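K.L.:
Just dropping this structure here.
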Amino acid sequence: MRVTLAAALAAVLLPVSAAQADTAHPSSPGTPPTASAPVLTDEHGRTLTLRGWNVEDKGNRGDAALSAITERHFRDMRAKGFDFARLLIFWDDLEPSPGRYSRAYLNKIERVLDWADRYDIHVVLDAHQDVFGPAFGHRGIPEWATRTDGLPFQRHPEDWFAEYFEPAVQRAFTHLYEDEDLRQAQARMWKVVADRFAHHPAVLGYDVINEPMGELREGEDLPTAARRIEREQLTPMYNRVADAIRTEDRDAWLFVEPTPIVGEGVPTGLGRVDDRKVVYAPHFYNTAMEAGADYDPSAGWVETYEAAVTEYPRTYKVPVVVGEWGPLNNSLPNMGPFYRDAMASLGRYSSGWAGYVWCYGGGYCAVDEKGAFRTNKEATAEPYAEAVAGTVRSSAFDAAAGVYRLTYDAARRGSHATVISLPSRGWRVGVEDGRARVRSDGPGRVVVTAVPGSRVTVTVTRG
């Protein structure tokens with residue numbers, strides 16, 4: 001989100017006590033948000049945990065599109081233990097004029113996916129938009145698909161997220177959701193993407209639209225409007241796009257996002273998406289921190305967010321993967337505690353996450369120009385089970401002790417290879433079941449092969 005939205009929300013959001021949050025579970029990567037919710041799985045039926053980063057090139061388009069992304073991105077992510085990338089793609093690059101799809105852009109996407117596959121990194125293709133698209137000076141929905149009814153728009157250079165509340169932008173979202181020809185155009189765009197990449201080994205799924213917004217009605221406060229937009233416009237849109245994608249790709253996961261308002265601890269109004277492989281993919285941003293404030297551990301924001309964001313998966317029995325998170329200023333005094341609290345919370349309820357953003361430099365970048373983690377970002381790299389061939393019984397990392405422990409019941413059929421990711425050298429891996437076998441699978445990964453049906457405990461200790 002990367003916004004300054006506090007003023008718009010302060011008067012309308014009700015605080016949620018930290019005591020309301022479900023914090024009783026240990027940090028459990030690879031387990032569902034609740035006992036009754038499904039886990040994310042791969043084509044072998046193994047339980048997946050995704051840990052990684054957004055990968056983007058917002059600055060280049062046309063012939064130069066995606067040129068800021070290189071093989072180094074994926075090599076370096078894998079070297080630090082990450083197995084997941086949320087790759088930003090733009091409809092305005094894919095379909096610059098109605099019905100004319102850029103083969104060159106599809107080829108560029110495929111080149112990036114080939115790099116990801118080389119380093120065994122799962123990719124979700126994210127149809128990204130910021131402030132709708134190029135008609136308002138950003139990226140996303142093409143200008144030819146932008147309808148404003150002549151309503152005004154004013155730039156806000158110091159607070160670009162405020163541009164979402166400009167009348168022209170809000171009306172453009174309404175037309176995207178309600179105009180039949182634009183509905184069909186969006187569905188056709190996704191059919192083109194799914195047709196091209198349905199069989200690419202790196203592609204795990206499709207994120208239908210980044211941080212969708214909509215039009216507030218007179219008298220509505222922001223949370224009320226967000227829940228209505230999610231219920232009445234986003235839910236039908238996701239069902240339409242799901243139907244289109246399934247004509248080309250039967251197996252990929254469909255990632256659906258609420259509005260960004262969930263970041264303030266407001267449960268989503270999304271309804272059921274009638275598809276067998278849906279992932280709930282909210283973002284995890286705090287407006288005060290995005291405006292430059294330090295993390296306040298006593299405010300209960302992480303707990304409030306967790307309580308709100310787990311309602312949808314609990315109701316509709318879907319996995320959760322957080323699509324973006326991470327503050328701009330990571331060097332403030334309480335950012336160390338923030339990363340500890342955030343990692344523990346994400347481990348309690350999600351099947352994974354993608355931080356914002358893997359790039360080499362300042363600002364939101366995960367690493368500096370030399371590839372070293374920027375301040376406090378190293379807390380995102382810890383041992384975890386990428387894929388578990390069986391039923392996870394417990395999974396937790398004790399950061400203070402430097403110990404990760406996984407207990408699972410090995411599958412009785414199918415794949416019996418469990419993959420453990422290590423964030424760096426110097427970790428020792430032990431298995432308590434004497435019948436299980438451990439072998440290296442290249443730098444930063446080990447494979448555990450167990451007897452079908454056996455109970456296995458894997459312990460990873462910092463050397």
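Residues are named by chain letter and number: chains run A, B, ... in the order of the structure tokens, numbers start at 1 in each chain, and ligands are numbered from 1 in the order shown.
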Write out as a CSV table (one decimal) with N, CA and C atoms, in the first residue's frame all residues of segment 20-124 of chain A that backbone DSSP assigns to alpha helix (DSSP H).
P.N.:
chain,number,residue,atom,x,y,z
A,71,GLU,N,18.3,-12.0,-13.6
A,71,GLU,CA,18.5,-13.3,-13.0
A,71,GLU,C,19.0,-13.2,-11.5
A,72,ARG,N,19.8,-12.2,-11.3
A,72,ARG,CA,20.3,-12.0,-9.9
A,72,ARG,C,19.3,-11.9,-8.9
A,73,HIS,N,18.1,-11.3,-9.2
A,73,HIS,CA,17.1,-11.3,-8.2
A,73,HIS,C,16.7,-12.6,-7.6
A,74,PHE,N,16.6,-13.6,-8.5
A,74,PHE,CA,16.1,-14.9,-8.1
A,74,PHE,C,17.3,-15.7,-7.5
A,75,ARG,N,18.5,-15.6,-8.0
A,75,ARG,CA,19.6,-16.2,-7.5
A,75,ARG,C,19.9,-15.8,-6.0
A,76,ASP,N,19.8,-14.5,-5.8
A,76,ASP,CA,20.1,-13.9,-4.5
A,76,ASP,C,18.9,-14.3,-3.5
A,77,MET,N,17.7,-14.3,-3.9
A,77,MET,CA,16.6,-14.7,-3.0
A,77,MET,C,16.8,-16.1,-2.6
A,78,ARG,N,17.0,-17.0,-3.6
A,78,ARG,CA,17.2,-18.4,-3.2
A,78,ARG,C,18.4,-18.6,-2.3
A,79,ALA,N,19.5,-17.8,-2.5
A,79,ALA,CA,20.7,-18.0,-1.6
A,79,ALA,C,20.4,-17.6,-0.2
A,91,TRP,N,-1.4,-4.7,-17.1
A,91,TRP,CA,-2.4,-4.9,-18.2
A,91,TRP,C,-2.1,-3.8,-19.3
A,92,ASP,N,-1.7,-2.6,-18.9
A,92,ASP,CA,-1.4,-1.6,-19.9
A,92,ASP,C,-0.2,-2.0,-20.8
A,93,ASP,N,0.7,-2.8,-20.3
A,93,ASP,CA,1.8,-3.3,-21.2
A,93,ASP,C,1.3,-4.5,-22.0
A,94,LEU,N,0.5,-5.3,-21.4
A,94,LEU,CA,0.1,-6.5,-22.1
A,94,LEU,C,-0.9,-6.2,-23.3
A,103,ARG,N,3.0,-9.8,-27.8
A,103,ARG,CA,3.7,-11.0,-27.7
A,103,ARG,C,5.1,-10.8,-27.1
A,104,ALA,N,5.7,-9.6,-27.3
A,104,ALA,CA,7.0,-9.3,-26.8
A,104,ALA,C,6.9,-9.2,-25.3
A,105,TYR,N,5.8,-8.6,-24.7
A,105,TYR,CA,5.7,-8.5,-23.3
A,105,TYR,C,5.5,-9.9,-22.7
A,106,LEU,N,4.7,-10.8,-23.3
A,106,LEU,CA,4.6,-12.1,-22.8
A,106,LEU,C,5.9,-12.9,-22.8
A,107,ASN,N,6.7,-12.6,-23.8
A,107,ASN,CA,8.0,-13.2,-23.9
A,107,ASN,C,8.9,-12.7,-22.7
A,108,LYS,N,8.8,-11.5,-22.4
A,108,LYS,CA,9.6,-10.9,-21.3
A,108,LYS,C,9.2,-11.5,-20.0
A,109,ILE,N,7.9,-11.7,-19.8
A,109,ILE,CA,7.4,-12.4,-18.6
A,109,ILE,C,8.0,-13.8,-18.5
A,110,GLU,N,7.9,-14.5,-19.6
A,110,GLU,CA,8.4,-15.9,-19.6
A,110,GLU,C,9.9,-15.9,-19.3
A,111,ARG,N,10.7,-15.0,-19.8
A,111,ARG,CA,12.1,-15.0,-19.4
A,111,ARG,C,12.3,-14.9,-17.9
A,112,VAL,N,11.5,-14.0,-17.3
A,112,VAL,CA,11.6,-13.9,-15.8
A,112,VAL,C,11.2,-15.1,-15.1
A,113,LEU,N,10.1,-15.8,-15.6
A,113,LEU,CA,9.7,-17.0,-15.0
A,113,LEU,C,10.7,-18.1,-15.2
A,114,ASP,N,11.4,-18.1,-16.3
A,114,ASP,CA,12.5,-19.1,-16.5
A,114,ASP,C,13.6,-19.0,-15.5
A,115,TRP,N,13.9,-17.7,-15.1
A,115,TRP,CA,14.9,-17.5,-14.1
A,115,TRP,C,14.4,-18.0,-12.7
A,116,ALA,N,13.1,-17.8,-12.4
A,116,ALA,CA,12.6,-18.2,-11.2
A,116,ALA,C,12.6,-19.8,-11.1
A,117,ASP,N,12.3,-20.4,-12.2
A,117,ASP,CA,12.3,-21.9,-12.3
A,117,ASP,C,13.7,-22.4,-12.1
A,118,ARG,N,14.7,-21.7,-12.6
A,118,ARG,CA,16.1,-22.2,-12.5
A,118,ARG,C,16.5,-22.3,-11.0
K.L.:
Please list as a count of residues only every residue within 10 Å of Asp249 of chain A, counting only C-alpha atoms and excluding residues in the same chain fewer than 4 positions away.
P.N.:
14
K.L.:
With only C-alpha atoms as the counted atoms, please give the residues lying no more than 8 Å from Val458 of chain A, apart from itself and same-chain residues fewer than 5 positions off, as a count of residues only.
P.N.:
7
K.L.:
So that I can see what lies close to Val302 of chain A, please list as JSON, numbers by chain the residues with an atom at most 10 Å from it, counting only C-alpha atoms and leaving out residues fewer than 6 positions away in the same chain.
P.N.:
{"A": [18, 21, 263, 264, 265, 284, 285, 286, 295, 296, 338, 341, 342, 344, 345, 346]}
K.L.:
Based on the selection just made, write N, CA and C atoms of those residues as a short mmCIF file (atom, residue, chain, number, x, y, z; two decimals), in the first residue's frame.
P.N.:
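Here's the written file out-v3.cif:
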data_model
loop_
_atom_site.label_atom_id
_atom_site.label_comp_id
_atom_site.auth_asym_id
_atom_site.auth_seq_id
_atom_site.Cartn_x
_atom_site.Cartn_y
_atom_site.Cartn_z
N ALA A 18 -6.36 -5.85 21.67
CA ALA A 18 -5.39 -6.90 21.38
C ALA A 18 -5.82 -8.22 21.97
N ALA A 21 -7.52 -10.77 19.67
CA ALA A 21 -6.77 -11.49 18.64
C ALA A 21 -6.49 -12.90 19.09
N GLY A 263 -5.90 -3.44 6.29
CA GLY A 263 -4.68 -3.17 7.04
C GLY A 263 -4.92 -2.44 8.34
N GLU A 264 -6.08 -1.83 8.48
CA GLU A 264 -6.42 -1.14 9.73
C GLU A 264 -7.25 -2.01 10.67
N GLY A 265 -7.26 -3.31 10.42
CA GLY A 265 -7.99 -4.20 11.32
C GLY A 265 -9.47 -4.28 11.04
N PHE A 284 -0.44 -6.18 4.42
CA PHE A 284 -0.18 -6.02 5.85
C PHE A 284 0.63 -4.74 6.05
N TYR A 285 -0.10 -3.60 6.01
CA TYR A 285 0.54 -2.30 6.17
C TYR A 285 -0.16 -1.51 7.27
N ASN A 286 0.61 -0.69 7.97
CA ASN A 286 0.10 0.19 9.00
C ASN A 286 0.27 1.63 8.55
N TYR A 295 7.19 1.82 15.12
CA TYR A 295 6.28 0.78 15.60
C TYR A 295 6.02 0.97 17.09
N ASP A 296 4.76 0.85 17.49
CA ASP A 296 4.37 0.95 18.90
C ASP A 296 3.88 -0.42 19.35
N PHE A 338 9.25 -4.90 15.84
CA PHE A 338 8.20 -5.07 14.83
C PHE A 338 8.43 -6.32 14.00
N ASP A 341 7.61 -9.41 16.03
CA ASP A 341 6.16 -9.59 16.21
C ASP A 341 5.48 -9.96 14.91
N ALA A 342 5.89 -9.32 13.81
CA ALA A 342 5.26 -9.60 12.52
C ALA A 342 5.54 -11.01 12.06
N ALA A 344 6.27 -13.62 13.87
CA ALA A 344 5.53 -14.57 14.71
C ALA A 344 4.06 -14.60 14.32
N SER A 345 3.47 -13.42 14.07
CA SER A 345 2.07 -13.37 13.69
C SER A 345 1.82 -14.04 12.35
N LEU A 346 2.63 -13.72 11.35
CA LEU A 346 2.46 -14.33 10.03
C LEU A 346 2.60 -15.85 10.11
#
K.L.:
Give me the residues near Gln170 of chain A as a ChimeraX atom specification, where near means some atom within 9 Å (using only C-alpha atoms) and where sequence neighbours in that chain fewer than 6 positions away do not count.
P.N.:
/A:132,148,164,213-216
K.L.:
Atoms to include: N, CA and C atoms. Write the selected residues as a CSV table (one decimal), in the first residue's frame.
P.N.:
chain,number,residue,atom,x,y,z
A,132,PHE,N,-5.3,3.1,-10.3
A,132,PHE,CA,-6.0,2.6,-11.5
A,132,PHE,C,-5.0,2.4,-12.7
A,148,THR,N,-14.2,8.0,-16.8
A,148,THR,CA,-14.3,8.9,-15.7
A,148,THR,C,-15.5,9.7,-15.7
A,164,TYR,N,-6.5,7.9,-4.8
A,164,TYR,CA,-7.6,6.9,-4.9
A,164,TYR,C,-8.9,7.5,-4.6
A,213,MET,N,-9.7,-0.9,-5.2
A,213,MET,CA,-10.5,0.1,-4.5
A,213,MET,C,-11.8,0.3,-5.2
A,214,GLY,N,-12.5,1.4,-4.9
A,214,GLY,CA,-13.8,1.6,-5.5
A,214,GLY,C,-14.4,3.0,-5.2
A,215,GLU,N,-15.7,3.2,-5.4
A,215,GLU,CA,-16.3,4.5,-5.3
A,215,GLU,C,-17.1,4.6,-4.0
A,216,LEU,N,-16.8,5.5,-3.2
A,216,LEU,CA,-17.6,5.8,-2.0
A,216,LEU,C,-18.9,6.5,-2.4
K.L.:
Between atom CA of Ile69 of chain A and atom CA of Leu87 of chain A, what is the distance, to one decimal in Å?
P.N.:
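We find that atom CA of Ile69 of chain A and atom CA of Leu87 of chain A lie 9.8 Å from each other.
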K.L.:
Mind listing the strand (DSSP E or B) residues of segment 167-346 of chain A, per DSSP on the backbone, as a ChimeraX atom specification?
P.N.:
/A:203-207,253-256,278-280,283-284,320,322,324-325
K.L.:
Would you kindly return, as a ChimeraX atom specification, each protein, DNA or RNA residue with an atom no farther than 9 Å from any atom of Ala381 of chain A, considering only C-alpha atoms and excluding same-chain residues fewer than 2 positions away?
P.N.:
/A:51,80-82,377-379,383,422-424
K.L.:
Which of these, A:Pro260, A:Val419, A:Val241, A:Gly271, has the shortest distance to Arg439 of chain A once you count only C-alpha atoms?
P.N.:
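The answer is A:Val419, which sits nearest to Arg439 of chain A.
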K.L.:
At a cut-off of 8 Å, using only C-alpha atoms, what residues contact Leu50 of chain A? Leave out same-chain residues fewer than 3 positions from it and give the result as JSON, numbers by chain.
P.N.:
{"A": [82, 83, 84, 122, 321, 351, 352, 353, 354, 386]}
K.L.:
With all heavy atoms retained, export the selected residues as a CSV table (one decimal), in the first residue's frame.
P.N.:
chain,number,residue,atom,x,y,z
A,82,PHE,N,14.8,-17.9,0.3
A,82,PHE,CA,13.4,-17.6,-0.1
A,82,PHE,C,13.0,-18.5,-1.3
A,82,PHE,O,13.8,-18.7,-2.2
A,82,PHE,CB,13.3,-16.1,-0.4
A,82,PHE,CG,13.6,-15.3,0.8
A,82,PHE,CD1,14.7,-14.5,0.8
A,82,PHE,CD2,12.7,-15.2,1.9
A,82,PHE,CE1,15.0,-13.7,1.9
A,82,PHE,CE2,13.0,-14.4,3.0
A,82,PHE,CZ,14.2,-13.7,3.0
A,83,ASP,N,11.7,-18.8,-1.3
A,83,ASP,CA,11.2,-19.7,-2.3
A,83,ASP,C,10.0,-19.2,-3.1
A,83,ASP,O,9.3,-19.9,-3.8
A,83,ASP,CB,10.7,-21.1,-1.7
A,83,ASP,CG,9.5,-21.0,-0.8
A,83,ASP,OD1,9.2,-19.8,-0.4
A,83,ASP,OD2,8.8,-22.0,-0.6
A,84,PHE,N,9.8,-17.8,-3.0
A,84,PHE,CA,8.5,-17.3,-3.5
A,84,PHE,C,8.8,-15.9,-4.1
A,84,PHE,O,9.5,-15.1,-3.5
A,84,PHE,CB,7.5,-17.2,-2.4
A,84,PHE,CG,6.2,-16.6,-2.8
A,84,PHE,CD1,5.5,-17.0,-3.9
A,84,PHE,CD2,5.5,-15.7,-1.9
A,84,PHE,CE1,4.3,-16.4,-4.3
A,84,PHE,CE2,4.3,-15.2,-2.2
A,84,PHE,CZ,3.6,-15.5,-3.4
A,122,HIS,N,8.7,-20.4,-6.6
A,122,HIS,CA,7.3,-20.3,-7.0
A,122,HIS,C,7.0,-18.8,-7.3
A,122,HIS,O,7.4,-17.9,-6.6
A,122,HIS,CB,6.4,-20.8,-5.9
A,122,HIS,CG,6.6,-22.2,-5.5
A,122,HIS,ND1,6.2,-23.3,-6.2
A,122,HIS,CD2,7.1,-22.7,-4.3
A,122,HIS,CE1,6.5,-24.4,-5.6
A,122,HIS,NE2,7.0,-24.1,-4.4
A,321,VAL,N,-2.2,-16.1,2.1
A,321,VAL,CA,-0.8,-15.7,1.8
A,321,VAL,C,-0.8,-14.2,1.7
A,321,VAL,O,-1.5,-13.6,0.9
A,321,VAL,CB,-0.3,-16.3,0.4
A,321,VAL,CG1,1.0,-15.7,0.0
A,321,VAL,CG2,-0.2,-17.8,0.5
A,351,SER,N,-0.1,-19.2,5.2
A,351,SER,CA,0.7,-20.2,4.5
A,351,SER,C,1.9,-19.5,3.8
A,351,SER,O,2.6,-20.2,3.0
A,351,SER,CB,-0.1,-20.9,3.4
A,351,SER,OG,-1.0,-21.8,4.0
A,352,GLY,N,2.1,-18.2,4.1
A,352,GLY,CA,3.3,-17.6,3.5
A,352,GLY,C,3.1,-16.1,3.3
A,352,GLY,O,2.0,-15.5,3.6
A,353,TRP,N,4.1,-15.5,2.7
A,353,TRP,CA,4.1,-14.0,2.5
A,353,TRP,C,5.1,-13.6,1.4
A,353,TRP,O,6.1,-14.3,1.2
A,353,TRP,CB,4.3,-13.3,3.8
A,353,TRP,CG,5.5,-13.7,4.6
A,353,TRP,CD1,5.4,-14.5,5.7
A,353,TRP,CD2,6.9,-13.4,4.4
A,353,TRP,NE1,6.7,-14.7,6.2
A,353,TRP,CE2,7.6,-14.1,5.4
A,353,TRP,CE3,7.6,-12.7,3.4
A,353,TRP,CZ2,9.0,-14.0,5.5
A,353,TRP,CZ3,9.0,-12.6,3.5
A,353,TRP,CH2,9.6,-13.3,4.6
A,354,ALA,N,4.9,-12.4,0.9
A,354,ALA,CA,5.8,-11.8,0.0
A,354,ALA,C,6.1,-10.4,0.5
A,354,ALA,O,5.2,-9.6,0.6
A,354,ALA,CB,5.3,-11.7,-1.4
A,386,GLU,N,9.7,-25.6,3.4
A,386,GLU,CA,9.1,-25.2,2.1
A,386,GLU,C,8.0,-26.1,1.7
A,386,GLU,O,6.9,-25.6,1.2
A,386,GLU,CB,10.2,-25.2,1.0
A,386,GLU,CG,11.2,-24.2,1.0
A,386,GLU,CD,12.1,-24.2,-0.2
A,386,GLU,OE1,11.6,-24.7,-1.3
A,386,GLU,OE2,13.3,-23.8,-0.1
K.L.:
So how far away is atom CA of Ala252 of chain A from atom CA of Trp53 of chain A, in Å?
P.N.:
19.2 Å
K.L.:
Give me the segment 313-381 of chain A side of the contact with segment 388-398 of chain A, cut-off 10 Å, one line per residue showing its nearest atom pair and distance in Å at one decimal, counting only C-alpha atoms, sorted by chain and residue number, as CSV.
P.N.:
residue,atom,partner,partner_atom,distance
A:Met343,CA,A:Phe397,CA,9.9
A:Ala344,CA,A:Phe397,CA,8.7
A:Gly347,CA,A:Ala396,CA,8.1
A:Arg348,CA,A:Ala396,CA,9.2
K.L.:
Please save C-alpha atoms of the selected residues as an mmCIF file, in the first residue's frame.
P.N.:
data_model
loop_
_atom_site.group_PDB
_atom_site.id
_atom_site.type_symbol
_atom_site.label_atom_id
_atom_site.label_comp_id
_atom_site.auth_asym_id
_atom_site.auth_seq_id
_atom_site.Cartn_x
_atom_site.Cartn_y
_atom_site.Cartn_z
ATOM 1 C CA MET A 343 7.123 -12.814 11.739
ATOM 2 C CA ALA A 344 5.533 -14.567 14.705
ATOM 3 C CA GLY A 347 3.630 -17.770 11.141
ATOM 4 C CA ARG A 348 0.516 -18.284 13.234
#
K.L.:
Provide the atom CA of Arg455 of chain A to atom CA of Ala385 of chain A distance in Å, to one decimal place.
P.N.:
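Separating atom CA of Arg455 of chain A from atom CA of Ala385 of chain A is a distance of 15.6 Å.
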K.L.:
Select, from A:Glu143, A:Glu257, A:Asp120, A:Glu324, the residue with the minimum atom-to-atom distance to Asn54 of chain A, counting only C-alpha atoms.
P.N.:
A:Glu324
